[in-house]
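I have placed the structure first, in the form of structure tokens, so that the comments after it can refer back to it.
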Amino acid sequence: MTNFNCSCTCRIPCLVFALIASFIIGTITAFLRFAAVITVGPAFLWVVLGIAVGYLAILLAKTPFFGDTCMRGCNICAILSAILTGILGTIFTAAILLAVEFAATSILGAILTGVLLFFVPLFLTGTVCLIKCMEGCIAD
């Protein structure tokens with residue numbers, strides 16, 4: 001197992017930025033969907049679902065290589081939790097939206113679309129935080 005000497009500067013503000021950005025994107029998307037300015041087609045949902053499932057497989061395959069970095073001051077555990085939450089939320093919400101067709105101006109459809117587009121940027125910006133954090137870590 002690889003050990004890391006972490007002198008990384010990853011702090012909670014990166015994760016807070018990821019949550020705030022995701023919330024703003026999700027809220028704007030919900031309003032635009034309710035106003036029927038945008039629609040979310042099945043092709044988009046399948047692509048998002050495929051990206052999330054593929055990313056989940058990569059994350060689960062690579063997680064054991066992080067070793068005990070959670071104990072060394074790096075904030076990798078919090079970042080991995082946010083990424084995993086974003087991936088699982090994306091998978092479940094995309095599956096729900098694929099299973100049930102909502103009217104363009106449906107409040108429930110707008111809320112679910114907003115939730116989906118809260119989770120997608122969450123795992124993407126969480127990945128950026130993870131890369132930024134791991135940049136300062138050196139493998140032994």
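In the structure tokens, the first chain shown is A, the next is B, and so on; residue numbers restart at 1 for each chain, and ligands run from 1 in the order shown.
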(message) At a cut-off of 8 Å, using only C-alpha atoms, what residues contact region 48-57 of chain A? Leave out same-chain residues fewer than 5 positions from it and give the result as a count of residues only.
(response) 8
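Distances here use only C-alpha atoms; by that measure, the residue among A:Leu60, A:Pro121, A:Leu108, A:Gly126 closest to Ala30 (chain A) is A:Leu108.
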(request) Find the spatial neighbours of Phe31 (chain A), counting only C-alpha atoms, within a cut-off of 12 Å - ignore same-chain residues fewer than 6 positions away - and output them as a PyMOL selection string. (result) chain A and resi 24-25+37-39+104-115+117
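Here CA of Val100 (chain A) stands at a distance of 15.6 Å from CA of Arg33 (chain A).
Separating CA of Leu80 (chain A) from CA of Ala21 (chain A) is a distance of 17.4 Å.
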(request) Tell me, in Å to one decimal, how far CA of Ala18 (chain A) is from CA of Ala36 (chain A). (result) 26.7 Å
(request) Please provide the set of residues having any atom within 10 Å of Leu98 (chain A), restricted to only C-alpha atoms, with same-chain residues fewer than 2 positions apart removed, written as a PyMOL selection string. (result) chain A and resi 40-46+49+92-96+100-102
Write the residues you've just listed into a file as a short mmCIF file (atom, residue, chain, number, x, y, z; two decimals), in the first residue's frame, and include N, CA and C atoms for each of them.
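This went into result-v1.cif:
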```
data_model
loop_
_atom_site.label_atom_id
_atom_site.label_comp_id
_atom_site.auth_asym_id
_atom_site.auth_seq_id
_atom_site.Cartn_x
_atom_site.Cartn_y
_atom_site.Cartn_z
N VAL A 40 -34.53 18.67 -20.12
CA VAL A 40 -33.51 17.66 -19.88
C VAL A 40 -33.96 16.41 -20.61
N GLY A 41 -33.25 16.09 -21.69
CA GLY A 41 -33.62 14.94 -22.51
C GLY A 41 -33.01 13.65 -22.01
N PRO A 42 -33.55 12.55 -22.47
CA PRO A 42 -33.02 11.24 -22.06
C PRO A 42 -31.55 11.04 -22.43
N ALA A 43 -31.11 11.60 -23.55
CA ALA A 43 -29.70 11.44 -23.94
C ALA A 43 -28.79 12.07 -22.90
N PHE A 44 -29.14 13.25 -22.42
CA PHE A 44 -28.35 13.90 -21.38
C PHE A 44 -28.34 13.07 -20.11
N LEU A 45 -29.49 12.52 -19.74
CA LEU A 45 -29.57 11.73 -18.52
C LEU A 45 -28.73 10.46 -18.63
N TRP A 46 -28.75 9.81 -19.80
CA TRP A 46 -27.94 8.60 -19.97
C TRP A 46 -26.45 8.93 -19.92
N LEU A 49 -25.58 9.64 -16.28
CA LEU A 49 -25.58 8.38 -15.55
C LEU A 49 -24.33 7.56 -15.87
N PHE A 92 -28.78 8.11 -8.59
CA PHE A 92 -30.17 7.91 -8.17
C PHE A 92 -31.11 8.92 -8.82
N THR A 93 -30.70 10.18 -8.90
CA THR A 93 -31.58 11.20 -9.48
C THR A 93 -31.74 10.99 -10.98
N ALA A 94 -30.65 10.64 -11.68
CA ALA A 94 -30.77 10.38 -13.11
C ALA A 94 -31.65 9.16 -13.37
N ALA A 95 -31.55 8.15 -12.53
CA ALA A 95 -32.41 6.97 -12.70
C ALA A 95 -33.88 7.32 -12.49
N ILE A 96 -34.15 8.16 -11.51
CA ILE A 96 -35.54 8.59 -11.28
C ILE A 96 -36.05 9.39 -12.47
N VAL A 100 -39.32 8.23 -14.92
CA VAL A 100 -40.59 8.96 -14.91
C VAL A 100 -40.44 10.21 -15.77
N GLU A 101 -41.38 10.39 -16.67
CA GLU A 101 -41.37 11.57 -17.53
C GLU A 101 -42.21 12.66 -16.87
N PHE A 102 -41.63 13.83 -16.71
CA PHE A 102 -42.32 14.96 -16.09
C PHE A 102 -42.66 15.99 -17.15
#
```
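Nearest residue to Leu124 (chain A), choosing from A:Leu15, A:Ala99, A:Ile83, A:Cys77 and counting only C-alpha atoms: A:Ile83.
Among the candidates A:Ile28, A:Gly89, A:Thr127, A:Met134, the residue lying nearest to Ile58 (chain A) is A:Thr127 (atoms considered: only C-alpha atoms).
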